[in-house]
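A.B. asks: Before I ask anything, here is the structure I am working with.
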Amino acid sequence: MPIQYNTIQVMRYLYILFAFLILSWSTPAQDYKKAREKMVTEQISKRGIKHAHTLDAMRKVERHLFVPPAYMRMAYDDGPMPIGYGQTISQPYIVAYMTEIIKPKSGDKILEIGTGSGYQAAILAEIVDKVYTIEIVSELANAASERLQKLGYDNVEVISGDGYYGLEEEAPFDAIVVTAASEHIPPSLTQQLKDGGKMVIPVGSPFLVQTLMLVEKKGGKISTSSLMPVRFVPFTRSRKE
Ligand code: SAH
């Protein structure tokens, strides 16, 4: 009878569909966790990052929550990504490299210039006691502040403004991380480094390849060293300056 045949056929299709769903079932949260593990193994450890706190933080912070919804699925790819207003979230490896190089530890107070999405600030906040981060695009500063609060990062303070002069009232800092390319090292930032402190900053012409520099203060003396070629968005200045 045709009616019986249809019922059997429908049931068979339903069974196949159900089996397929069971076999392929995994939550997006699990997928993202796997993608994060893969990112740390293949993009970060493999390229020589060893600092345990950095690797732990990169494994923990949910990078996909720091990118626009359209880019979430690509959040763990090996590259920078647009975050709006012509700005970018840095490549995961660069975030890890800049974190490792300043040797962050519990108890530290860190200043970041260029909050962007707030991702680098979150990575640092997993390791140190307090992170101050300054962002010149007020919309990005507000969005990052909200995002970090929602994710429970009570130890991050986002400040909207030009980071060129640093944050005198909270200085000195154990480390300063600059995530926008500057033509020179802003003198106020060097002044606001603690003795024994480290600053990492991309220096060079905007829109060209820049050099990632490490600035160290020891016994009041400043030394600089070149680390690697990088490409960052420009360090801009507020119009009223
Ligand atoms: N660290 C960010 C990515 C930074 S992109 C992240 O993890 O997502 C660089 C950021 O620096 C941009 O958002 C840009 O608006 C900001 N910026 C550029 N010049 C600045 C300045 N003078 N002071 C503060 N922020 C600045």
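Just so we're on the same page: first chain in the structure tokens is A, next is B, and so on; residues restart at 1 for each chain, and ligands are numbered from 1 in the order they show up.
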Identify, counting only C-alpha atoms and all ligand atoms, the protein, DNA and RNA residues located within 7 Å of ligand 1, and give them as a PyMOL selection string.
C.D. replies: chain A and resi 87-90+113-121+134-137+140+161-164+179-180+233-238
A.B. asks: Mind dumping the selected residues with C-alpha atoms as a PDB file, in the first residue's frame?
C.D. replies:
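Wrote it out as result.pdb, contents follow:
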```pdb
ATOM      1  CA  GLN A  87      41.346  49.272  13.038  1.00  0.00           C
ATOM      2  CA  THR A  88      42.403  45.652  13.519  1.00  0.00           C
ATOM      3  CA  ILE A  89      42.827  43.018  16.205  1.00  0.00           C
ATOM      4  CA  SER A  90      46.424  41.752  15.902  1.00  0.00           C
ATOM      5  CA  ILE A 113      48.185  52.031  24.294  1.00  0.00           C
ATOM      6  CA  GLY A 114      45.619  51.027  21.647  1.00  0.00           C
ATOM      7  CA  THR A 115      42.804  49.043  23.299  1.00  0.00           C
ATOM      8  CA  GLY A 116      41.095  48.187  19.988  1.00  0.00           C
ATOM      9  CA  SER A 117      38.896  45.171  20.760  1.00  0.00           C
ATOM     10  CA  GLY A 118      40.322  44.724  24.265  1.00  0.00           C
ATOM     11  CA  TYR A 119      41.806  41.307  23.411  1.00  0.00           C
ATOM     12  CA  GLN A 120      45.439  42.086  24.258  1.00  0.00           C
ATOM     13  CA  ALA A 121      44.244  43.757  27.484  1.00  0.00           C
ATOM     14  CA  ILE A 134      43.989  53.799  26.390  1.00  0.00           C
ATOM     15  CA  GLU A 135      42.037  53.970  23.101  1.00  0.00           C
ATOM     16  CA  ILE A 136      41.735  57.046  20.891  1.00  0.00           C
ATOM     17  CA  VAL A 137      38.561  55.972  19.005  1.00  0.00           C
ATOM     18  CA  LEU A 140      36.048  51.315  20.295  1.00  0.00           C
ATOM     19  CA  GLY A 161      41.755  59.364  24.742  1.00  0.00           C
ATOM     20  CA  ASP A 162      45.165  59.887  23.154  1.00  0.00           C
ATOM     21  CA  GLY A 163      47.734  57.576  24.724  1.00  0.00           C
ATOM     22  CA  TYR A 164      50.749  59.623  23.573  1.00  0.00           C
ATOM     23  CA  THR A 179      49.794  48.249  19.747  1.00  0.00           C
ATOM     24  CA  ALA A 180      49.819  51.057  17.149  1.00  0.00           C
ATOM     25  CA  VAL A 233      47.806  50.415  12.193  1.00  0.00           C
ATOM     26  CA  PRO A 234      49.129  53.957  12.742  1.00  0.00           C
ATOM     27  CA  PHE A 235      49.486  55.653  16.115  1.00  0.00           C
ATOM     28  CA  THR A 236      47.247  58.681  15.606  1.00  0.00           C
ATOM     29  CA  ARG A 237      47.044  61.916  17.585  1.00  0.00           C
ATOM     30  CA  SER A 238      43.935  63.669  18.799  1.00  0.00           C
TER      31      SER A 238
END
```
A.B. asks: Pick out each residue of range 40-180 of chain A that DSSP on the backbone tags as helix (DSSP H, G or I); I need them as a ChimeraX atom specification.
C.D. replies: /A:40-45,52-60,63-66,69-74,92-101,119-127,138-150,163-165,168-170
A.B. asks: Between A:Met98, A:Ser138, A:Ile8, A:Asp154, which one has atoms that come closest to Ile201 in chain A, using only C-alpha atoms?
C.D. replies: A:Met98
A.B. asks: Distance CA of Leu148 in chain A-CA of Ala181 in chain A, one decimal place?
C.D. replies: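 Computing it gives 23.9 Å between the two atoms.
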A.B. asks: With only C-alpha atoms as the basis for distance, which of A:Thr133, A:Thr99, A:Gln43, A:Ser145 is at the shortest distance from Lys198 in chain A?
C.D. replies: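 Among the listed residues, the smallest separation from Lys198 in chain A belongs to A:Thr99.
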A.B. asks: Within 6 Å of range 56-60 of chain A, counting only C-alpha atoms, which residues qualify if same-chain residues fewer than 5 places away don't, as a ChimeraX atom specification?
C.D. replies: /A:36,123,126
A.B. asks: From a DSSP pass on the backbone, collect the residues of range 92-195 of chain A flagged as strand (DSSP E or B) and hand them back as a list in words.
C.D. replies: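 Residues meeting the strand (DSSP E or B) criterion: Lys109, Ile110, Leu111, Glu112, Ile113, Lys130, Val131, Tyr132, Thr133, Ile134, Glu135, Val156, Glu157, Val158, Ile159, Ser160, Phe173, Asp174, Ala175, Ile176, Val177, Val178, Ala181, Ser182, Leu193, Lys194 and Asp195 of chain A.
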A.B. asks: So, with only C-alpha atoms as the atoms that count, which of A:Tyr71, A:Phe20, A:Tyr76, A:Phe66 lies closest to Glu37 in chain A?
C.D. replies: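 Ranking A:Tyr71, A:Phe20, A:Tyr76, A:Phe66 by distance to Glu37 in chain A, first place goes to A:Tyr76.
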A.B. asks: With distances taken over only C-alpha atoms, which of A:Asp78, A:Ile102, A:Tyr132, A:Pro69 is nearest to Thr41 in chain A?
C.D. replies: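 Smallest distance to Thr41 in chain A is found for A:Asp78.
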